[in-house]
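work.json (JSON, C-alpha atoms)
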```json
[["chain", "number", "residue", "atom", "x", "y", "z"],
["A", 1, "MET", "CA", -11.72, -23.56, 3.34],
["A", 2, "LYS", "CA", -11.62, -20.11, 1.76],
["A", 3, "MET", "CA", -14.63, -17.86, 1.98],
["A", 4, "SER", "CA", -15.92, -16.35, -1.23],
["A", 5, "TYR", "CA", -16.19, -12.61, -1.12],
["A", 6, "SER", "CA", -17.71, -10.25, -3.65],
["A", 7, "PHE", "CA", -15.37, -7.31, -4.04],
["A", 8, "LYS", "CA", -16.80, -3.88, -4.79],
["A", 9, "LEU", "CA", -13.93, -1.44, -4.24],
["A", 10, "LYS", "CA", -12.54, -0.06, -7.47],
["A", 11, "SER", "CA", -9.12, 1.20, -8.41],
["A", 12, "HIS", "CA", -10.33, 2.66, -11.71],
["A", 13, "PRO", "CA", -13.88, 3.13, -13.05],
["A", 14, "ASN", "CA", -13.97, -0.33, -14.69],
["A", 15, "LYS", "CA", -11.43, -2.20, -12.55],
["A", 16, "LEU", "CA", -11.79, -3.78, -9.11],
["A", 17, "LEU", "CA", -9.08, -2.78, -6.65],
["A", 18, "LYS", "CA", -8.16, -6.39, -5.86],
["A", 19, "GLU", "CA", -7.79, -7.23, -9.57],
["A", 20, "HIS", "CA", -5.62, -4.17, -10.16],
["A", 21, "LEU", "CA", -3.34, -4.99, -7.22],
["A", 22, "GLN", "CA", -3.03, -8.62, -8.38],
["A", 23, "GLU", "CA", -2.24, -7.64, -11.97],
["A", 24, "VAL", "CA", 0.42, -5.10, -10.97],
["A", 25, "ALA", "CA", 2.01, -7.68, -8.63],
["A", 26, "GLU", "CA", 2.02, -10.37, -11.34],
["A", 27, "ILE", "CA", 3.71, -8.06, -13.85],
["A", 28, "ALA", "CA", 6.31, -6.89, -11.35],
["A", 29, "ILE", "CA", 7.09, -10.43, -10.16],
["A", 30, "ASP", "CA", 7.49, -11.53, -13.77],
["A", 31, "ILE", "CA", 9.99, -8.70, -14.38],
["A", 32, "TYR", "CA", 11.80, -9.55, -11.13],
["A", 33, "ARG", "CA", 12.04, -13.25, -11.99],
["A", 34, "LYS", "CA", 13.42, -12.52, -15.45],
["A", 35, "GLY", "CA", 16.31, -10.78, -13.73],
["A", 36, "ASN", "CA", 15.59, -7.39, -15.26],
["A", 37, "VAL", "CA", 16.08, -5.77, -11.88],
["A", 38, "LEU", "CA", 19.32, -6.21, -9.96],
["A", 39, "PHE", "CA", 19.34, -6.47, -6.19],
["A", 40, "GLU", "CA", 22.25, -6.95, -3.84],
["A", 41, "LYS", "CA", 22.77, -10.61, -2.95],
["A", 42, "THR", "CA", 21.52, -11.03, 0.61],
["A", 43, "ASP", "CA", 19.12, -13.27, 2.54],
["A", 44, "ILE", "CA", 16.33, -10.77, 1.87],
["A", 45, "ASP", "CA", 13.25, -12.19, 0.16],
["A", 46, "TYR", "CA", 13.06, -9.47, -2.48],
["A", 47, "GLU", "CA", 10.26, -11.20, -4.33],
["A", 48, "LYS", "CA", 7.99, -10.84, -1.31],
["A", 49, "LEU", "CA", 9.02, -7.20, -0.91],
["A", 50, "VAL", "CA", 8.06, -6.63, -4.56],
["A", 51, "LYS", "CA", 4.71, -8.26, -3.79],
["A", 52, "ILE", "CA", 4.21, -6.04, -0.73],
["A", 53, "LEU", "CA", 5.04, -2.98, -2.80],
["A", 54, "CYS", "CA", 2.61, -3.88, -5.56],
["A", 55, "LEU", "CA", -0.20, -5.27, -3.44],
["A", 56, "THR", "CA", -0.27, -2.17, -1.21],
["A", 57, "HIS", "CA", 0.50, 0.64, -3.66],
["A", 58, "ASP", "CA", -3.20, 1.54, -4.04],
["A", 59, "LEU", "CA", -4.69, 0.35, -0.71],
["A", 60, "GLY", "CA", -5.48, 3.99, 0.09],
["A", 61, "LYS", "CA", -8.16, 3.76, -2.60],
["A", 62, "ALA", "CA", -10.25, 1.77, -0.10],
["A", 63, "THR", "CA", -11.65, 5.00, 1.38],
["A", 64, "ASN", "CA", -15.13, 6.21, 0.56],
["A", 65, "PHE", "CA", -13.46, 9.56, -0.24],
["A", 66, "PHE", "CA", -11.49, 8.04, -3.10],
["A", 67, "GLN", "CA", -14.37, 5.88, -4.28],
["A", 68, "ASP", "CA", -16.84, 8.78, -4.34],
["A", 69, "PHE", "CA", -14.64, 11.73, -5.33],
["A", 70, "ARG", "CA", -12.09, 10.24, -7.72],
["A", 71, "LEU", "CA", -14.28, 7.64, -9.37],
["A", 72, "TYR", "CA", -17.69, 9.31, -9.31],
["A", 73, "ASP", "CA", -16.83, 13.03, -9.14],
["A", 74, "LYS", "CA", -18.76, 13.62, -5.92],
["A", 75, "PRO", "CA", -17.58, 16.84, -4.25],
["A", 76, "LEU", "CA", -15.42, 16.80, -1.11],
["A", 77, "ASP", "CA", -14.84, 19.57, 1.42],
["A", 78, "ASN", "CA", -11.15, 18.70, 1.30],
["A", 79, "GLU", "CA", -9.85, 17.20, -1.96],
["A", 80, "LEU", "CA", -6.79, 15.82, -0.14],
["A", 81, "LEU", "CA", -9.13, 13.24, 1.43],
["A", 82, "GLY", "CA", -9.49, 11.73, -2.04],
["A", 83, "ASN", "CA", -5.72, 11.34, -2.40],
["A", 84, "HIS", "CA", -4.65, 7.72, -1.96],
["A", 85, "ALA", "CA", -0.84, 7.83, -2.22],
["A", 86, "ALA", "CA", -0.08, 9.06, 1.31],
["A", 87, "LEU", "CA", -2.29, 6.47, 3.01],
["A", 88, "SER", "CA", -1.12, 3.71, 0.65],
["A", 89, "SER", "CA", 2.51, 4.49, 1.46],
["A", 90, "LEU", "CA", 1.78, 4.17, 5.19],
["A", 91, "PHE", "CA", 0.18, 0.77, 4.60],
["A", 92, "THR", "CA", 3.21, -0.26, 2.54],
["A", 93, "TYR", "CA", 5.65, 0.85, 5.23],
["A", 94, "THR", "CA", 3.72, -0.93, 7.99],
["A", 95, "LEU", "CA", 3.36, -4.21, 6.07],
["A", 96, "ALA", "CA", 7.00, -4.20, 4.96],
["A", 97, "GLU", "CA", 8.10, -3.56, 8.54],
["A", 98, "LYS", "CA", 5.86, -6.40, 9.78],
["A", 99, "PHE", "CA", 7.17, -8.78, 7.11],
["A", 100, "LEU", "CA", 10.84, -7.93, 7.78],
["A", 101, "GLU", "CA", 10.65, -8.24, 11.56],
["A", 102, "ASN", "CA", 10.89, -12.04, 11.30],
["A", 103, "GLN", "CA", 13.48, -12.15, 8.53],
["A", 104, "ASN", "CA", 17.04, -13.11, 9.33],
["A", 105, "ILE", "CA", 18.61, -9.98, 7.85],
["A", 106, "ASP", "CA", 20.89, -7.16, 8.89],
["A", 107, "GLN", "CA", 19.18, -4.62, 11.16],
["A", 108, "ASN", "CA", 20.07, -1.79, 8.75],
["A", 109, "TYR", "CA", 18.09, -3.45, 5.96],
["A", 110, "ARG", "CA", 15.19, -3.99, 8.34],
["A", 111, "LYS", "CA", 15.13, -0.24, 8.97],
["A", 112, "VAL", "CA", 15.75, 1.15, 5.51],
["A", 113, "LEU", "CA", 13.74, -1.18, 3.25],
["A", 114, "PRO", "CA", 10.29, -0.18, 4.59],
["A", 115, "PHE", "CA", 11.27, 3.46, 4.10],
["A", 116, "ILE", "CA", 12.36, 2.85, 0.50],
["A", 117, "LEU", "CA", 9.09, 1.05, -0.29],
["A", 118, "PHE", "CA", 7.20, 3.87, 1.47],
["A", 119, "GLN", "CA", 8.88, 6.45, -0.80],
["A", 120, "ILE", "CA", 8.18, 4.47, -3.97],
["A", 121, "VAL", "CA", 4.48, 4.19, -3.17],
["A", 122, "ARG", "CA", 4.26, 7.77, -1.94],
["A", 123, "ARG", "CA", 5.62, 8.95, -5.29],
["A", 124, "HIS", "CA", 4.05, 6.39, -7.61],
["A", 125, "HIS", "CA", 2.11, 9.08, -9.48],
["A", 126, "THR", "CA", 4.93, 11.65, -9.40],
["A", 127, "ASN", "CA", 8.71, 11.71, -9.57],
["A", 128, "LEU", "CA", 10.99, 10.32, -6.91],
["A", 129, "ARG", "CA", 13.05, 13.08, -5.30],
["A", 130, "ASN", "CA", 16.27, 13.31, -3.38],
["A", 131, "PHE", "CA", 15.61, 12.33, 0.21],
["A", 132, "GLU", "CA", 16.93, 15.72, 1.37],
["A", 133, "ASP", "CA", 14.01, 17.39, -0.42],
["A", 134, "GLU", "CA", 11.37, 15.05, 0.94],
["A", 135, "VAL", "CA", 9.22, 17.15, 3.24],
["A", 136, "PRO", "CA", 8.14, 20.33, 1.51],
["A", 137, "LYS", "CA", 5.20, 22.06, 3.21],
["A", 138, "ASN", "CA", 2.59, 21.14, 0.59],
["A", 139, "GLU", "CA", 3.57, 17.44, 0.90],
["A", 140, "ALA", "CA", 3.17, 17.56, 4.67],
["A", 141, "GLN", "CA", -0.50, 18.46, 4.23],
["A", 142, "SER", "CA", -1.29, 15.08, 2.70],
["A", 143, "PHE", "CA", 0.20, 13.42, 5.80],
["A", 144, "SER", "CA", -1.67, 15.43, 8.42],
["A", 145, "SER", "CA", -2.80, 13.17, 11.24],
["A", 146, "GLU", "CA", -6.33, 14.55, 10.97],
["A", 147, "LEU", "CA", -6.52, 13.70, 7.27],
["A", 148, "ILE", "CA", -5.11, 10.18, 7.74],
["A", 149, "LYS", "CA", -7.50, 9.53, 10.67],
["A", 150, "LYS", "CA", -10.48, 10.55, 8.53],
["A", 151, "GLN", "CA", -9.33, 8.24, 5.74],
["A", 152, "LEU", "CA", -8.81, 5.33, 8.14],
["A", 153, "THR", "CA", -12.22, 5.92, 9.72],
["A", 154, "SER", "CA", -13.83, 5.84, 6.29],
["A", 155, "ILE", "CA", -12.28, 2.43, 5.64],
["A", 156, "LYS", "CA", -13.49, 1.12, 9.00],
["A", 157, "ASP", "CA", -16.98, 2.60, 8.57],
["A", 158, "SER", "CA", -17.60, 1.88, 4.88],
["A", 159, "TYR", "CA", -15.43, -1.01, 3.72],
["A", 160, "SER", "CA", -14.33, -2.92, 6.81],
["A", 161, "ASP", "CA", -15.21, -6.40, 5.52],
["A", 162, "GLU", "CA", -13.72, -5.90, 2.09],
["A", 163, "PHE", "CA", -10.57, -4.32, 3.52],
["A", 164, "LYS", "CA", -10.18, -7.32, 5.82],
["A", 165, "GLU", "CA", -10.45, -9.64, 2.80],
["A", 166, "LEU", "CA", -7.81, -7.60, 0.93],
["A", 167, "ILE", "CA", -5.44, -7.84, 3.91],
["A", 168, "ASN", "CA", -6.08, -11.59, 4.17],
["A", 169, "PHE", "CA", -5.30, -11.93, 0.46],
["A", 170, "ILE", "CA", -2.03, -9.97, 0.88],
["A", 171, "ALA", "CA", -1.11, -12.04, 3.96],
["A", 172, "GLU", "CA", -1.48, -15.24, 1.91],
["A", 173, "GLU", "CA", 0.62, -13.80, -0.91],
["A", 174, "ILE", "CA", 3.53, -12.91, 1.38],
["A", 175, "ASP", "CA", 3.16, -15.81, 3.86],
["A", 176, "THR", "CA", 2.81, -13.50, 6.85],
["A", 177, "ASN", "CA", 0.18, -13.27, 9.56],
["A", 178, "LEU", "CA", -1.59, -9.95, 9.22],
["A", 179, "ASP", "CA", -4.53, -8.55, 11.10],
["A", 180, "ASP", "CA", -6.49, -5.74, 9.46],
["A", 181, "GLN", "CA", -7.37, -4.12, 12.78],
["A", 182, "GLU", "CA", -3.75, -4.25, 13.96],
["A", 183, "LEU", "CA", -2.65, -2.74, 10.66],
["A", 184, "LEU", "CA", -5.19, 0.08, 10.89],
["A", 185, "ALA", "CA", -4.15, 0.78, 14.50],
["A", 186, "LYS", "CA", -0.44, 1.03, 13.59],
["A", 187, "ILE", "CA", -0.99, 3.70, 10.94]]
```
Go through the file and emit its structure as structure tokens.
Amino acid sequence: MKMSYSFKLKSHPNKLLKEHLQEVAEIAIDIYRKGNVLFEKTDIDYEKLVKILCLTHDLGKATNFFQDFRLYDKPLDNELLGNHAALSSLFTYTLAEKFLENQNIDQNYRKVLPFILFQIVRRHHTNLRNFEDEVPKNEAQSFSSELIKKQLTSIKDSYSDEFKELINFIAEEIDTNLDDQELLAKI
């Protein structure tokens, strides 16, 4: 029996985060199923990878920094704490890696696909770049371990129950066992 949960986290001022993630996933899956995107024929479950990509692309918005600063214009000492793309891309990478570990696919795909999804989410508000240009100094700031730890702590301290429900929802969508605490520890 599923528990009912009242979601409060928002992706946009008038949109719940869970609704936004679901809507993006539904649109992307529809495009995928229509065959508008070509993938190499392999045993890879691309549809589930598309779901992972879409259902995680804004998970970094689950921090109180994003909720307060980006949605309600509350000041932050460090505006990078309100940035969601870096943290979201780490969630995407970790979930894709977890999903692919039990897939019967070539080891090279298992290594490169999480990285590709990571890059897409990392750049989903900017332009994709050549991989050779990927770590300019200003980009490295958004991935500082101190910054990521503060963002993860804010999720644990402020939105732990709701984040757990989001992870459970994603786990159901991709038919994979996920644990929110394990996920947070791997980042």
Q: Please indicate the distance in Å from CA of Lys10 in chain A to CA of Gln67 in chain A, rounded to one decimal place.
A: 7.0 Å
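Across the model, the gap from CA of Lys48 in chain A to CA of Ala185 in chain A is 23.1 Å.
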Rows by chain and residue number, range 27-72 of chain A within 12 Å of range 167-171 of chain A, shortest pair, only C-alpha atoms, as a Markdown table:
```
| residue | atom | partner | partner_atom | distance |
| --- | --- | --- | --- | --- |
| A:Lys48 | CA | A:Ile170 | CA | 10.3 |
| A:Leu49 | CA | A:Ile170 | CA | 11.5 |
| A:Val50 | CA | A:Ile170 | CA | 11.9 |
| A:Lys51 | CA | A:Ile170 | CA | 8.4 |
| A:Ile52 | CA | A:Ile170 | CA | 7.5 |
| A:Leu53 | CA | A:Ile170 | CA | 10.6 |
| A:Cys54 | CA | A:Ile170 | CA | 10.0 |
| A:Leu55 | CA | A:Ile170 | CA | 6.6 |
| A:Thr56 | CA | A:Ile170 | CA | 8.3 |
| A:His57 | CA | A:Ile170 | CA | 11.8 |
| A:Leu59 | CA | A:Ile167 | CA | 9.4 |
| A:Ala62 | CA | A:Ile167 | CA | 11.5 |
```
**Q.** Within 12 Å of file point (0.7, -2.3, -6.7), counting only C-alpha atoms, expressed as a VMD selection string
**A.** chain A and resid 11 17 to 29 49 to 61 85 88 to 89 91 to 92 117 120 to 122 124 to 125 170
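Counting only C-alpha atoms and comparing A:Ser158, A:Pro13, A:Lys8, A:Leu147, the residue that lies closest to Asp73 in chain A is A:Pro13.
You can rank A:Glu47, A:Thr42, A:Lys150, A:Tyr72 by their closest distance to Asp30 in chain A using only C-alpha atoms, and at the top of that list sits A:Glu47.
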N, CA, C and O atoms for range 103-128 of chain A, written as a JSON list (two decimals), keeping the file's coordinate frame, could you do that?
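Writing done, so here's out.json:
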```json
[["chain", "number", "residue", "atom", "x", "y", "z"],
["A", 103, "GLN", "N", 12.48, -11.72, 9.51],
["A", 103, "GLN", "CA", 13.48, -12.15, 8.53],
["A", 103, "GLN", "C", 14.87, -12.11, 9.17],
["A", 103, "GLN", "O", 15.17, -11.21, 9.95],
["A", 104, "ASN", "N", 15.68, -13.05, 8.81],
["A", 104, "ASN", "CA", 17.04, -13.11, 9.33],
["A", 104, "ASN", "C", 17.95, -12.24, 8.46],
["A", 104, "ASN", "O", 18.70, -12.74, 7.62],
["A", 105, "ILE", "N", 17.84, -10.92, 8.66],
["A", 105, "ILE", "CA", 18.61, -9.98, 7.85],
["A", 105, "ILE", "C", 19.25, -8.93, 8.75],
["A", 105, "ILE", "O", 18.87, -8.76, 9.91],
["A", 106, "ASP", "N", 20.20, -8.24, 8.19],
["A", 106, "ASP", "CA", 20.89, -7.16, 8.89],
["A", 106, "ASP", "C", 19.88, -6.11, 9.35],
["A", 106, "ASP", "O", 18.96, -5.75, 8.62],
["A", 107, "GLN", "N", 20.08, -5.61, 10.57],
["A", 107, "GLN", "CA", 19.18, -4.62, 11.16],
["A", 107, "GLN", "C", 19.06, -3.36, 10.29],
["A", 107, "GLN", "O", 17.99, -2.74, 10.23],
["A", 108, "ASN", "N", 20.12, -2.98, 9.61],
["A", 108, "ASN", "CA", 20.07, -1.79, 8.75],
["A", 108, "ASN", "C", 19.08, -1.99, 7.60],
["A", 108, "ASN", "O", 18.35, -1.06, 7.26],
["A", 109, "TYR", "N", 19.06, -3.17, 7.01],
["A", 109, "TYR", "CA", 18.09, -3.45, 5.96],
["A", 109, "TYR", "C", 16.67, -3.41, 6.52],
["A", 109, "TYR", "O", 15.75, -2.92, 5.88],
["A", 110, "ARG", "N", 16.50, -3.95, 7.71],
["A", 110, "ARG", "CA", 15.19, -3.99, 8.34],
["A", 110, "ARG", "C", 14.65, -2.58, 8.55],
["A", 110, "ARG", "O", 13.44, -2.36, 8.49],
["A", 111, "LYS", "N", 15.56, -1.62, 8.77],
["A", 111, "LYS", "CA", 15.13, -0.24, 8.97],
["A", 111, "LYS", "C", 14.90, 0.51, 7.66],
["A", 111, "LYS", "O", 13.95, 1.26, 7.53],
["A", 112, "VAL", "N", 15.79, 0.32, 6.71],
["A", 112, "VAL", "CA", 15.75, 1.15, 5.51],
["A", 112, "VAL", "C", 14.78, 0.64, 4.43],
["A", 112, "VAL", "O", 14.19, 1.44, 3.71],
["A", 113, "LEU", "N", 14.59, -0.65, 4.31],
["A", 113, "LEU", "CA", 13.74, -1.18, 3.25],
["A", 113, "LEU", "C", 12.28, -0.71, 3.35],
["A", 113, "LEU", "O", 11.70, -0.32, 2.33],
["A", 114, "PRO", "N", 11.66, -0.71, 4.53],
["A", 114, "PRO", "CA", 10.29, -0.18, 4.59],
["A", 114, "PRO", "C", 10.22, 1.29, 4.15],
["A", 114, "PRO", "O", 9.28, 1.70, 3.48],
["A", 115, "PHE", "N", 11.25, 2.05, 4.50],
["A", 115, "PHE", "CA", 11.27, 3.46, 4.10],
["A", 115, "PHE", "C", 11.40, 3.61, 2.58],
["A", 115, "PHE", "O", 10.73, 4.45, 1.97],
["A", 116, "ILE", "N", 12.21, 2.79, 1.96],
["A", 116, "ILE", "CA", 12.36, 2.85, 0.50],
["A", 116, "ILE", "C", 11.04, 2.49, -0.18],
["A", 116, "ILE", "O", 10.58, 3.18, -1.10],
["A", 117, "LEU", "N", 10.38, 1.43, 0.29],
["A", 117, "LEU", "CA", 9.09, 1.05, -0.29],
["A", 117, "LEU", "C", 8.06, 2.15, -0.05],
["A", 117, "LEU", "O", 7.25, 2.46, -0.93],
["A", 118, "PHE", "N", 8.08, 2.74, 1.13],
["A", 118, "PHE", "CA", 7.20, 3.87, 1.47],
["A", 118, "PHE", "C", 7.37, 4.99, 0.44],
["A", 118, "PHE", "O", 6.39, 5.52, -0.10],
["A", 119, "GLN", "N", 8.62, 5.35, 0.14],
["A", 119, "GLN", "CA", 8.88, 6.45, -0.80],
["A", 119, "GLN", "C", 8.41, 6.10, -2.21],
["A", 119, "GLN", "O", 7.88, 6.96, -2.92],
["A", 120, "ILE", "N", 8.62, 4.88, -2.63],
["A", 120, "ILE", "CA", 8.18, 4.47, -3.97],
["A", 120, "ILE", "C", 6.67, 4.61, -4.10],
["A", 120, "ILE", "O", 6.17, 5.17, -5.08],
["A", 121, "VAL", "N", 5.94, 4.11, -3.11],
["A", 121, "VAL", "CA", 4.48, 4.19, -3.17],
["A", 121, "VAL", "C", 4.01, 5.64, -3.03],
["A", 121, "VAL", "O", 3.11, 6.09, -3.75],
["A", 122, "ARG", "N", 4.63, 6.37, -2.15],
["A", 122, "ARG", "CA", 4.26, 7.77, -1.94],
["A", 122, "ARG", "C", 4.37, 8.56, -3.24],
["A", 122, "ARG", "O", 3.61, 9.47, -3.50],
["A", 123, "ARG", "N", 5.34, 8.20, -4.06],
["A", 123, "ARG", "CA", 5.62, 8.95, -5.29],
["A", 123, "ARG", "C", 5.18, 8.20, -6.55],
["A", 123, "ARG", "O", 5.61, 8.55, -7.64],
["A", 124, "HIS", "N", 4.32, 7.20, -6.42],
["A", 124, "HIS", "CA", 4.05, 6.39, -7.61],
["A", 124, "HIS", "C", 3.24, 7.09, -8.69],
["A", 124, "HIS", "O", 3.10, 6.57, -9.79],
["A", 125, "HIS", "N", 2.75, 8.28, -8.44],
["A", 125, "HIS", "CA", 2.11, 9.08, -9.48],
["A", 125, "HIS", "C", 2.91, 10.35, -9.78],
["A", 125, "HIS", "O", 2.45, 11.20, -10.54],
["A", 126, "THR", "N", 4.08, 10.47, -9.19],
["A", 126, "THR", "CA", 4.93, 11.65, -9.40],
["A", 126, "THR", "C", 6.36, 11.17, -9.61],
["A", 126, "THR", "O", 6.60, 10.00, -9.85],
["A", 127, "ASN", "N", 7.30, 12.06, -9.44],
["A", 127, "ASN", "CA", 8.71, 11.71, -9.57],
["A", 127, "ASN", "C", 9.30, 11.45, -8.20],
["A", 127, "ASN", "O", 8.95, 12.13, -7.22],
["A", 128, "LEU", "N", 10.21, 10.50, -8.13],
["A", 128, "LEU", "CA", 10.99, 10.32, -6.91],
["A", 128, "LEU", "C", 11.91, 11.53, -6.78],
["A", 128, "LEU", "O", 12.38, 12.08, -7.77]]
```
